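For reference, the structure discussed in these notes is given below.
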Amino acid sequence: MTPLQAATRETFWTIGPVGKAAFYWLAVVVILVFLYGVYARFAAYARGSEDPRDRLSDLPGRVIGATKTVLANENQFDGDLYTGVMHTFVLWGFLVLLVATTILGIDIDLYRPLTGESFWVGDFYLAYQFAVDAFGLLFVVGVGMAAYRRYRQREGRLWGKHTSFEDDAFVWTLFLLGVGGFVVEGVSMVGQPGRATETVSFVGMALATGLESSGLTAAGAEAIYGVLWWSHSLLAFAFVAWIPYAKPFHMISSFANVVARDEKAGARLPNVPADLDHTNAESLDDFTWKELMDGDACTKCGRCTDACPADTVGRNLDPRNVILDLKSYRESVSDDPVAGSGGGGGPAATDGGTVPIVADEGGVIDAESMESCMSCMACMDACPVDIEHLTSFTKMNRQLVDEGAVDSNLQDVFQDVMQKGNTFGDSQATRGDWADDLDGVEVPDARETEVEYLWYVGDYPSFDDRNKKVARALARLFDEADVSFGILFDDEKTDGNDIRRIGEEFLYLELAGHHVETFADCEFENIVCTDPHSYNTIKNEYPEVDFAEFADDPMMPFEREGPWNADGAVDVFHWTQVVEELVEAGRLDLSGDELDYTVTYHDPCHLGRYNDEYEAPRELIRATGADLHEMPRSRDDSFCCGGGGGGLWTEHEEEVKPSEERLREAVEDTDAGASIEKFVVACPMCTTMFEDGRKTGDFEDQIEIVDVAELLIEAVEVGS
């Protein structure tokens, strides 16, 4: 047998039988402590309320999908190459070292006793040693990258009120484990001359060479090896036992969070049951097991806060702190021995757990923080572990509405919608008046005429003078393309999307019920919406309502006995999706060179992040001949205009308005810079916010706000 064929090493070199027995005894204790901690953590989630989503359906498929997501580190790479590389090195290094340890345990404790021989020899051993050194090196480099980012800038997004000793302990424990493993290997190679040709252990070999050059002899290595080996082993044991009780648990809970994710979270909010005893966020008991797990899955990375437009402009909202404040409060009132070790930083319960969850003063979460949220979903899009911030935020908004503790401006909006059917407080009889000035273009009544497209116009295009121009432009586009369309006139009310996200769930239900019953009286094939907010709620949320559940509620006398459009028979579109097909079919006679403006485009949150539609508006802009330049924050990284989540109707203390910051980005950070002539939008609410920001931010002489429809109709006019 050649030296290579016989290559192996003694695992418990210099340790002895007593030390070996102590090692196995400690291993058993550590595993039991670990398993109990994991069990206690997940048992604590079971105390949460039932989640309205079936988050464990097709569990094998969910696990496979989550495994692919986690192993590929795709969420970490999103918008942050450094973090993606760092996390890939750490994750794959950790997993390979874990698998390698498991393989060695199988050989020593199962294969050898059963067969009398070892498979941990020869080529397998050499390949094993190379893999351990290679991935161990990646692991150390990755942890080093993490430490560098953490300590390079102590005011960065990794630091906050919840940063604690456990964060430092986590990083340094991993680093010491990685480096310590190589030191043990290097000393072992000095003390065991038979390993002198084991060049595959290239890191250990380099360390051994350095140690020998420093004067370490084989005898000296043998003398100190036991101390180093036990130090490394005890640190590894301590780390494994510590995992369920502190930040390292995110290695488990974040994977579970990805498994249990709702792909449409935020775009469709959980329904409220028709139960008079139902509460929203009165206590921790109101939060679902998934919402409780969100807190443990949080890695404190700060990506959500970094992406949050409310935090960026100085509003009182830090999405990370909201999630971690809820977690800290849960731990402070829990009788679970596992809880309470999560690093603190949040509000502690000093009165037996009776602190209100959300309140103007003295609550776990400030009401102002929830009022600052724009429901833009930037936090959720940025989160690498699929925390569903907006679900919890809406739950707390609903609690504020239940208590009547909402902004007075929002109370006025609720009253206008209840009494008038729209957020402007205008007479519903005037809702279709925008169509009076269309110069020969007839807008049919969909209640009286069978149409292909039932056009849901929306509040702002119907009542706001600036957005009436958008509605007229779109009507003319439909007419030019010979589209069969009609509107509901005074039977159209507010769609309810933002009313719901502010927390007025039952008013939203009334609006949804009114509309689906109105739809039932009309003959049409598809629904097309001007506003992405309307598009989102009609497409994703109306079909979720079980109207039969409210049959006994005298306040909601729905005639329907089941959900609307549950089978998806009616397609719901944003108007850009419909018109893009018309342009492709040549029905608007555009040649693609009609306009020569230099423009940029703003992705509306409800069209982009909510519904993943990014290309249709861009294709329409290009079809006009306009020269489109992207802003640095575009597509799923788009910066909210500030109008969502009730932002249209409230005033906030902020350093700069979100709309002003976005316009600044357009004229300063876009490649075309000051050459940008038009700021193109595809949402009436965005139009309103940016027209306001254009005035307050002193951009009136620099840039013009236009809707895609206005750009298109201009191109059609030029072409004809």
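Residue names in the structure tokens use chain letters A, B, ... in the order shown, residue numbers from 1 in each chain, and ligand numbers from 1 in the order shown.
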Requested in this report: Find the spatial neighbours of Glu517 (chain A), counting only C-alpha atoms, within a cut-off of 8 Å - ignore same-chain residues fewer than 3 positions away - and output them as a list of chain:residue names.
Outcome: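 After dropping sequence-adjacent residues, the list is A:Gly513, A:His514, A:Ala520, A:Asp521, A:Glu559, A:Arg560.
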Selected residues, N, CA, C and O atoms, written as a PDB file, in the first residue's frame, please.
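result-v9.pdb, freshly written:
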```
ATOM      1  N   GLY A 513     -67.887  44.633  -1.474  1.00  0.00           N
ATOM      2  CA  GLY A 513     -69.206  44.043  -1.695  1.00  0.00           C
ATOM      3  C   GLY A 513     -70.030  44.831  -2.692  1.00  0.00           C
ATOM      4  O   GLY A 513     -70.685  44.260  -3.576  1.00  0.00           O
ATOM      5  N   HIS A 514     -69.989  46.152  -2.570  1.00  0.00           N
ATOM      6  CA  HIS A 514     -70.726  46.992  -3.520  1.00  0.00           C
ATOM      7  C   HIS A 514     -70.250  46.755  -4.943  1.00  0.00           C
ATOM      8  O   HIS A 514     -71.059  46.600  -5.871  1.00  0.00           O
ATOM      9  N   ALA A 520     -71.627  42.135 -11.102  1.00  0.00           N
ATOM     10  CA  ALA A 520     -72.527  41.029 -11.449  1.00  0.00           C
ATOM     11  C   ALA A 520     -73.684  41.488 -12.329  1.00  0.00           C
ATOM     12  O   ALA A 520     -74.269  40.685 -13.062  1.00  0.00           O
ATOM     13  N   ASP A 521     -74.002  42.776 -12.259  1.00  0.00           N
ATOM     14  CA  ASP A 521     -75.108  43.312 -13.062  1.00  0.00           C
ATOM     15  C   ASP A 521     -74.655  43.809 -14.431  1.00  0.00           C
ATOM     16  O   ASP A 521     -75.479  44.316 -15.202  1.00  0.00           O
ATOM     17  N   GLU A 559     -75.589  40.279  -0.974  1.00  0.00           N
ATOM     18  CA  GLU A 559     -76.442  39.287  -1.620  1.00  0.00           C
ATOM     19  C   GLU A 559     -75.641  38.081  -2.091  1.00  0.00           C
ATOM     20  O   GLU A 559     -76.198  37.025  -2.348  1.00  0.00           O
ATOM     21  N   ARG A 560     -74.334  38.244  -2.199  1.00  0.00           N
ATOM     22  CA  ARG A 560     -73.494  37.140  -2.649  1.00  0.00           C
ATOM     23  C   ARG A 560     -73.386  36.076  -1.565  1.00  0.00           C
ATOM     24  O   ARG A 560     -73.370  36.379  -0.374  1.00  0.00           O
TER      25      ARG A 560
END
```
Pick out each residue of region 489-615 of chain A that DSSP on the backbone tags as strand (DSSP E or B); I need them as a PDB file with N, CA and C atoms, in the first residue's frame.
```pdb
ATOM      1  N   PHE A 524     -69.421  42.006 -19.315  1.00  0.00           N
ATOM      2  CA  PHE A 524     -68.084  42.392 -19.771  1.00  0.00           C
ATOM      3  C   PHE A 524     -67.188  41.157 -19.729  1.00  0.00           C
ATOM      4  N   GLU A 525     -66.015  41.285 -20.354  1.00  0.00           N
ATOM      5  CA  GLU A 525     -65.067  40.174 -20.372  1.00  0.00           C
ATOM      6  C   GLU A 525     -63.915  40.381 -19.391  1.00  0.00           C
ATOM      7  N   ASN A 526     -63.415  41.603 -19.325  1.00  0.00           N
ATOM      8  CA  ASN A 526     -62.256  41.903 -18.482  1.00  0.00           C
ATOM      9  C   ASN A 526     -62.466  43.221 -17.757  1.00  0.00           C
ATOM     10  N   ILE A 527     -61.666  43.429 -16.712  1.00  0.00           N
ATOM     11  CA  ILE A 527     -61.661  44.705 -15.992  1.00  0.00           C
ATOM     12  C   ILE A 527     -60.305  45.368 -16.230  1.00  0.00           C
ATOM     13  N   VAL A 528     -60.331  46.652 -16.530  1.00  0.00           N
ATOM     14  CA  VAL A 528     -59.094  47.408 -16.700  1.00  0.00           C
ATOM     15  C   VAL A 528     -59.129  48.598 -15.751  1.00  0.00           C
ATOM     16  N   CYS A 529     -58.002  48.866 -15.080  1.00  0.00           N
ATOM     17  CA  CYS A 529     -57.943  49.910 -14.057  1.00  0.00           C
ATOM     18  C   CYS A 529     -56.944  50.995 -14.441  1.00  0.00           C
ATOM     19  N   ASP A 571     -60.343  38.434 -16.053  1.00  0.00           N
ATOM     20  CA  ASP A 571     -58.982  38.962 -15.974  1.00  0.00           C
ATOM     21  C   ASP A 571     -59.027  40.432 -15.584  1.00  0.00           C
ATOM     22  N   VAL A 572     -58.138  40.817 -14.679  1.00  0.00           N
ATOM     23  CA  VAL A 572     -58.035  42.209 -14.239  1.00  0.00           C
ATOM     24  C   VAL A 572     -56.684  42.743 -14.689  1.00  0.00           C
ATOM     25  N   PHE A 573     -56.703  43.904 -15.363  1.00  0.00           N
ATOM     26  CA  PHE A 573     -55.482  44.464 -15.933  1.00  0.00           C
ATOM     27  C   PHE A 573     -55.266  45.893 -15.464  1.00  0.00           C
ATOM     28  N   HIS A 574     -53.999  46.291 -15.440  1.00  0.00           N
ATOM     29  CA  HIS A 574     -53.690  47.709 -15.409  1.00  0.00           C
ATOM     30  C   HIS A 574     -53.722  48.184 -16.858  1.00  0.00           C
ATOM     31  N   THR A 598     -36.362  63.500 -23.743  1.00  0.00           N
ATOM     32  CA  THR A 598     -35.507  62.715 -22.844  1.00  0.00           C
ATOM     33  C   THR A 598     -36.264  62.564 -21.534  1.00  0.00           C
ATOM     34  N   VAL A 599     -36.562  61.324 -21.156  1.00  0.00           N
ATOM     35  CA  VAL A 599     -37.474  61.094 -20.037  1.00  0.00           C
ATOM     36  C   VAL A 599     -36.889  60.067 -19.070  1.00  0.00           C
ATOM     37  N   THR A 600     -37.468  60.044 -17.885  1.00  0.00           N
ATOM     38  CA  THR A 600     -37.227  58.958 -16.938  1.00  0.00           C
ATOM     39  C   THR A 600     -38.582  58.455 -16.466  1.00  0.00           C
ATOM     40  N   TYR A 601     -38.603  57.249 -15.927  1.00  0.00           N
ATOM     41  CA  TYR A 601     -39.879  56.633 -15.532  1.00  0.00           C
ATOM     42  C   TYR A 601     -39.820  56.199 -14.079  1.00  0.00           C
TER      43      TYR A 601
END
```
Report task. Compare A:Thr687, A:Asn497, A:Thr537, A:Thr312 by their minimum atom-to-atom distance to Pro658 (chain A), counting only C-alpha atoms, and give me the closest one. Result -> A:Thr312
Requested in this report: Using only C-alpha atoms, pick whichever of A:Glu541, A:Glu700, A:Asp482, A:Asp433 has the shortest atom-to-atom distance to Leu511 (chain A).
Outcome: A:Glu541
Taking only residues of region 391-458 of chain A that have an atom at most 9 Å from an atom of region 277-293 of chain A, what is each one's shortest atom pair and its distance in Å to one decimal, using only C-alpha atoms, in chain and number order, as a Markdown table?
```
| residue | atom | partner | partner_atom | distance |
| --- | --- | --- | --- | --- |
| A:Thr391 | CA | A:Glu291 | CA | 8.2 |
| A:Ser392 | CA | A:Glu291 | CA | 6.8 |
| A:Lys395 | CA | A:Asn280 | CA | 5.6 |
| A:Met396 | CA | A:Ala281 | CA | 5.4 |
| A:Asn397 | CA | A:Ala281 | CA | 8.5 |
| A:Arg398 | CA | A:Asn280 | CA | 6.2 |
| A:Gln399 | CA | A:Asn280 | CA | 5.3 |
| A:Leu400 | CA | A:Ala281 | CA | 8.6 |
| A:Asp402 | CA | A:Asn280 | CA | 8.3 |
```
Keeping only all heavy atoms, write those residues as a short mmCIF file (atom, residue, chain, number, x, y, z; two decimals), in the first residue's frame.
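The new file out34.cif reads:
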```cif
data_model
loop_
_atom_site.label_atom_id
_atom_site.label_comp_id
_atom_site.auth_asym_id
_atom_site.auth_seq_id
_atom_site.Cartn_x
_atom_site.Cartn_y
_atom_site.Cartn_z
N THR A 391 -47.97 42.95 6.84
CA THR A 391 -49.06 42.22 7.49
C THR A 391 -49.19 42.64 8.95
O THR A 391 -50.30 42.91 9.43
CB THR A 391 -48.81 40.70 7.39
OG1 THR A 391 -48.66 40.34 6.03
CG2 THR A 391 -49.98 39.93 7.99
N SER A 392 -48.08 42.69 9.65
CA SER A 392 -48.11 43.11 11.05
C SER A 392 -48.45 44.59 11.17
O SER A 392 -49.20 44.99 12.08
CB SER A 392 -46.75 42.84 11.71
OG SER A 392 -46.47 41.46 11.76
N LYS A 395 -52.14 45.07 10.77
CA LYS A 395 -52.83 44.59 11.97
C LYS A 395 -52.85 45.69 13.04
O LYS A 395 -53.88 45.93 13.70
CB LYS A 395 -52.11 43.35 12.50
CG LYS A 395 -52.78 42.67 13.69
CD LYS A 395 -51.94 41.52 14.20
CE LYS A 395 -51.86 40.40 13.21
NZ LYS A 395 -53.08 39.56 13.20
N MET A 396 -51.73 46.39 13.20
CA MET A 396 -51.68 47.47 14.19
C MET A 396 -52.48 48.69 13.73
O MET A 396 -53.10 49.39 14.56
CB MET A 396 -50.22 47.83 14.49
CG MET A 396 -49.52 46.73 15.29
SD MET A 396 -47.81 47.12 15.75
CE MET A 396 -46.94 46.63 14.27
N ASN A 397 -52.50 48.96 12.43
CA ASN A 397 -53.35 50.04 11.92
C ASN A 397 -54.82 49.74 12.19
O ASN A 397 -55.60 50.65 12.53
CB ASN A 397 -53.13 50.23 10.42
CG ASN A 397 -51.89 51.06 10.12
OD1 ASN A 397 -51.47 51.87 10.92
ND2 ASN A 397 -51.30 50.84 8.95
N ARG A 398 -55.21 48.50 12.01
CA ARG A 398 -56.59 48.11 12.29
C ARG A 398 -56.93 48.34 13.77
O ARG A 398 -58.05 48.75 14.11
CB ARG A 398 -56.82 46.65 11.91
CG ARG A 398 -56.83 46.39 10.40
CD ARG A 398 -56.83 44.91 10.10
NE ARG A 398 -56.90 44.65 8.66
CZ ARG A 398 -56.76 43.46 8.09
NH1 ARG A 398 -56.53 42.39 8.85
NH2 ARG A 398 -56.85 43.31 6.78
N GLN A 399 -55.96 48.07 14.64
CA GLN A 399 -56.19 48.29 16.07
C GLN A 399 -56.40 49.77 16.35
O GLN A 399 -57.30 50.14 17.12
CB GLN A 399 -55.00 47.76 16.87
CG GLN A 399 -55.17 47.86 18.38
CD GLN A 399 -56.32 47.01 18.89
OE1 GLN A 399 -56.63 45.96 18.32
NE2 GLN A 399 -56.96 47.46 19.96
N LEU A 400 -55.61 50.62 15.71
CA LEU A 400 -55.77 52.07 15.90
C LEU A 400 -57.14 52.53 15.41
O LEU A 400 -57.77 53.39 16.04
CB LEU A 400 -54.65 52.82 15.16
CG LEU A 400 -53.24 52.66 15.74
CD1 LEU A 400 -52.21 53.28 14.80
CD2 LEU A 400 -53.15 53.32 17.13
N ASP A 402 -59.85 50.65 15.28
CA ASP A 402 -60.82 50.14 16.26
C ASP A 402 -60.95 51.08 17.45
O ASP A 402 -62.04 51.26 18.01
CB ASP A 402 -60.39 48.75 16.76
CG ASP A 402 -60.66 47.66 15.75
OD1 ASP A 402 -61.33 47.95 14.73
OD2 ASP A 402 -60.21 46.52 15.97
#
```
Query raised in the report: What's the 12 Å shell around Met555 (chain A), counting only C-alpha atoms, without same-chain residues fewer than 5 positions away, as a PyMOL selection string?
Result: chain A and resi 274+506-507+509-510+513+550
Query raised in the report: What is the distance, in Å and to one decimal place, between CA of Met689 (chain A) and CA of Met418 (chain A)?
Result: 24.2 Å
Query raised in the report: What is the CA of Cys373 (chain A) to CA of Tyr542 (chain A) distance in Å?
Result: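 Between CA of Cys373 (chain A) and CA of Tyr542 (chain A) the gap works out to 22.9 Å.
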Requested in this report: Write out as a list of chain:residue names which residues come within 9 Å of Asp636 (chain A) when counting only C-alpha atoms, dropping same-chain ones fewer than 6 positions away.
Outcome: A:Ala378, A:Asp381, A:Asp603, A:Cys605, A:Gly608, A:Arg609, A:Asp612, A:Tyr614
Report task. Might you pull out every residue within 12 Å of Gln129 (chain A), with only C-alpha atoms counted and same-chain residues fewer than 2 positions away left off, and present them as number ranges by chain? Result -> A: 7-9, 96-97, 100-101, 103-104, 120-127, 131-136, 182, 185, 195, 198-205
Query raised in the report: Of the candidates A:Gly697, A:Val708, A:Ile538, A:Val667, which one gets nearest to Arg618 (chain A) if we count only C-alpha atoms?
Result: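 Checking each candidate against Arg618 (chain A), we get A:Val708 as the closest.
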Query raised in the report: If you run DSSP on the backbone, which residues of region 277-341 of chain A are alpha helix (DSSP H), as a PyMOL selection string?
Result: chain A and resi 289-297+303-307+309-312+319-333
Go ahead and save the picked residues with C-alpha atoms, as a PDB file, in the first residue's frame.
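Wrote it out as part_36.pdb, contents follow:
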```pdb
ATOM      1  CA  TRP A 289     -47.457  32.079  14.682  1.00  0.00           C
ATOM      2  CA  LYS A 290     -45.874  33.326  11.451  1.00  0.00           C
ATOM      3  CA  GLU A 291     -45.769  36.899  12.742  1.00  0.00           C
ATOM      4  CA  LEU A 292     -44.092  35.677  15.924  1.00  0.00           C
ATOM      5  CA  MET A 293     -41.569  33.716  13.886  1.00  0.00           C
ATOM      6  CA  ASP A 294     -40.815  36.844  11.825  1.00  0.00           C
ATOM      7  CA  GLY A 295     -39.197  38.348  14.921  1.00  0.00           C
ATOM      8  CA  ASP A 296     -36.884  35.396  15.455  1.00  0.00           C
ATOM      9  CA  ALA A 297     -36.022  35.216  11.755  1.00  0.00           C
ATOM     10  CA  ARG A 303     -31.955  46.204   4.801  1.00  0.00           C
ATOM     11  CA  CYS A 304     -35.627  46.953   5.409  1.00  0.00           C
ATOM     12  CA  THR A 305     -34.823  50.211   7.164  1.00  0.00           C
ATOM     13  CA  ASP A 306     -32.272  51.149   4.518  1.00  0.00           C
ATOM     14  CA  ALA A 307     -34.927  50.682   1.810  1.00  0.00           C
ATOM     15  CA  PRO A 309     -38.709  55.739   2.166  1.00  0.00           C
ATOM     16  CA  ALA A 310     -40.353  56.877   5.398  1.00  0.00           C
ATOM     17  CA  ASP A 311     -37.126  56.367   7.328  1.00  0.00           C
ATOM     18  CA  THR A 312     -35.100  57.940   4.513  1.00  0.00           C
ATOM     19  CA  PRO A 319     -39.223  48.747  10.056  1.00  0.00           C
ATOM     20  CA  ARG A 320     -36.475  46.680  11.674  1.00  0.00           C
ATOM     21  CA  ASN A 321     -37.130  48.221  15.080  1.00  0.00           C
ATOM     22  CA  VAL A 322     -40.862  47.573  14.799  1.00  0.00           C
ATOM     23  CA  ILE A 323     -40.280  43.855  14.220  1.00  0.00           C
ATOM     24  CA  LEU A 324     -37.605  43.631  16.929  1.00  0.00           C
ATOM     25  CA  ASP A 325     -39.575  45.744  19.421  1.00  0.00           C
ATOM     26  CA  LEU A 326     -42.422  43.264  19.142  1.00  0.00           C
ATOM     27  CA  LYS A 327     -39.964  40.401  19.607  1.00  0.00           C
ATOM     28  CA  SER A 328     -38.339  42.031  22.655  1.00  0.00           C
ATOM     29  CA  TYR A 329     -41.727  42.668  24.220  1.00  0.00           C
ATOM     30  CA  ARG A 330     -42.753  39.054  23.624  1.00  0.00           C
ATOM     31  CA  GLU A 331     -39.566  37.838  25.292  1.00  0.00           C
ATOM     32  CA  SER A 332     -40.003  40.213  28.230  1.00  0.00           C
ATOM     33  CA  VAL A 333     -43.451  38.842  29.093  1.00  0.00           C
TER      34      VAL A 333
END
```
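Computed from the coordinates, the CA of Gly496 (chain A) to CA of Glu50 (chain A) distance equals 25.5 Å.
Minimum atom-to-atom distances from A:Gly486, A:Pro461, A:Gly194, A:Pro684 to Thr449 (chain A) were compared using only C-alpha atoms, and the lowest value belongs to A:Gly486.
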**Report entry** Contacts of region 575-586 of chain A at 6 Å (only C-alpha atoms; same-chain gap of 2+ positions) as an NGL selection string
**Finding:** :A and (528-530 or 588-589 or 616-617)
With all heavy atoms kept, could you save the residues just selected as a PDB file, in the first residue's frame?
```pdb
ATOM      1  N   VAL A 528     -60.331  46.652 -16.530  1.00  0.00           N
ATOM      2  CA  VAL A 528     -59.094  47.408 -16.700  1.00  0.00           C
ATOM      3  C   VAL A 528     -59.129  48.598 -15.751  1.00  0.00           C
ATOM      4  O   VAL A 528     -60.169  49.250 -15.599  1.00  0.00           O
ATOM      5  CB  VAL A 528     -58.902  47.867 -18.162  1.00  0.00           C
ATOM      6  CG1 VAL A 528     -60.037  48.764 -18.617  1.00  0.00           C
ATOM      7  CG2 VAL A 528     -57.557  48.571 -18.328  1.00  0.00           C
ATOM      8  N   CYS A 529     -58.002  48.866 -15.080  1.00  0.00           N
ATOM      9  CA  CYS A 529     -57.943  49.910 -14.057  1.00  0.00           C
ATOM     10  C   CYS A 529     -56.944  50.995 -14.441  1.00  0.00           C
ATOM     11  O   CYS A 529     -55.871  50.702 -14.976  1.00  0.00           O
ATOM     12  CB  CYS A 529     -57.524  49.312 -12.713  1.00  0.00           C
ATOM     13  SG  CYS A 529     -58.599  47.985 -12.120  1.00  0.00           S
ATOM     14  N   THR A 530     -57.294  52.239 -14.134  1.00  0.00           N
ATOM     15  CA  THR A 530     -56.366  53.341 -14.346  1.00  0.00           C
ATOM     16  C   THR A 530     -55.283  53.334 -13.278  1.00  0.00           C
ATOM     17  O   THR A 530     -54.110  53.582 -13.558  1.00  0.00           O
ATOM     18  CB  THR A 530     -57.098  54.695 -14.265  1.00  0.00           C
ATOM     19  OG1 THR A 530     -58.393  54.586 -14.848  1.00  0.00           O
ATOM     20  CG2 THR A 530     -56.309  55.792 -14.942  1.00  0.00           C
ATOM     21  N   LEU A 588     -52.583  51.490 -32.766  1.00  0.00           N
ATOM     22  CA  LEU A 588     -52.431  52.927 -32.520  1.00  0.00           C
ATOM     23  C   LEU A 588     -51.550  53.596 -33.572  1.00  0.00           C
ATOM     24  O   LEU A 588     -51.245  54.789 -33.474  1.00  0.00           O
ATOM     25  CB  LEU A 588     -51.851  53.173 -31.118  1.00  0.00           C
ATOM     26  CG  LEU A 588     -52.813  52.916 -29.952  1.00  0.00           C
ATOM     27  CD1 LEU A 588     -52.110  53.108 -28.619  1.00  0.00           C
ATOM     28  CD2 LEU A 588     -54.033  53.818 -30.036  1.00  0.00           C
ATOM     29  N   ASP A 589     -51.140  52.821 -34.567  1.00  0.00           N
ATOM     30  CA  ASP A 589     -50.384  53.364 -35.712  1.00  0.00           C
ATOM     31  C   ASP A 589     -49.161  54.176 -35.292  1.00  0.00           C
ATOM     32  O   ASP A 589     -48.902  55.252 -35.834  1.00  0.00           O
ATOM     33  CB  ASP A 589     -51.299  54.237 -36.594  1.00  0.00           C
ATOM     34  CG  ASP A 589     -52.403  53.414 -37.252  1.00  0.00           C
ATOM     35  OD1 ASP A 589     -52.120  52.247 -37.603  1.00  0.00           O
ATOM     36  OD2 ASP A 589     -53.519  53.931 -37.396  1.00  0.00           O
ATOM     37  N   ALA A 616     -44.416  46.732 -19.219  1.00  0.00           N
ATOM     38  CA  ALA A 616     -45.470  47.325 -20.057  1.00  0.00           C
ATOM     39  C   ALA A 616     -45.359  48.849 -20.155  1.00  0.00           C
ATOM     40  O   ALA A 616     -45.382  49.408 -21.265  1.00  0.00           O
ATOM     41  CB  ALA A 616     -46.850  46.910 -19.548  1.00  0.00           C
ATOM     42  N   PRO A 617     -45.217  49.573 -19.045  1.00  0.00           N
ATOM     43  CA  PRO A 617     -45.089  51.034 -19.175  1.00  0.00           C
ATOM     44  C   PRO A 617     -43.841  51.436 -19.954  1.00  0.00           C
ATOM     45  O   PRO A 617     -43.874  52.398 -20.735  1.00  0.00           O
ATOM     46  CB  PRO A 617     -45.004  51.512 -17.717  1.00  0.00           C
ATOM     47  CG  PRO A 617     -45.587  50.401 -16.905  1.00  0.00           C
ATOM     48  CD  PRO A 617     -45.242  49.142 -17.637  1.00  0.00           C
TER      49      PRO A 617
END
```
Requested in this report: Could you give me, as a VMD selection string, the residues within 9 Å of His515 (chain A), counting only C-alpha atoms and dropping anything in the same chain fewer than 3 positions from it?
Outcome: chain A and resid 491 to 493 495 510 to 512 518 to 520
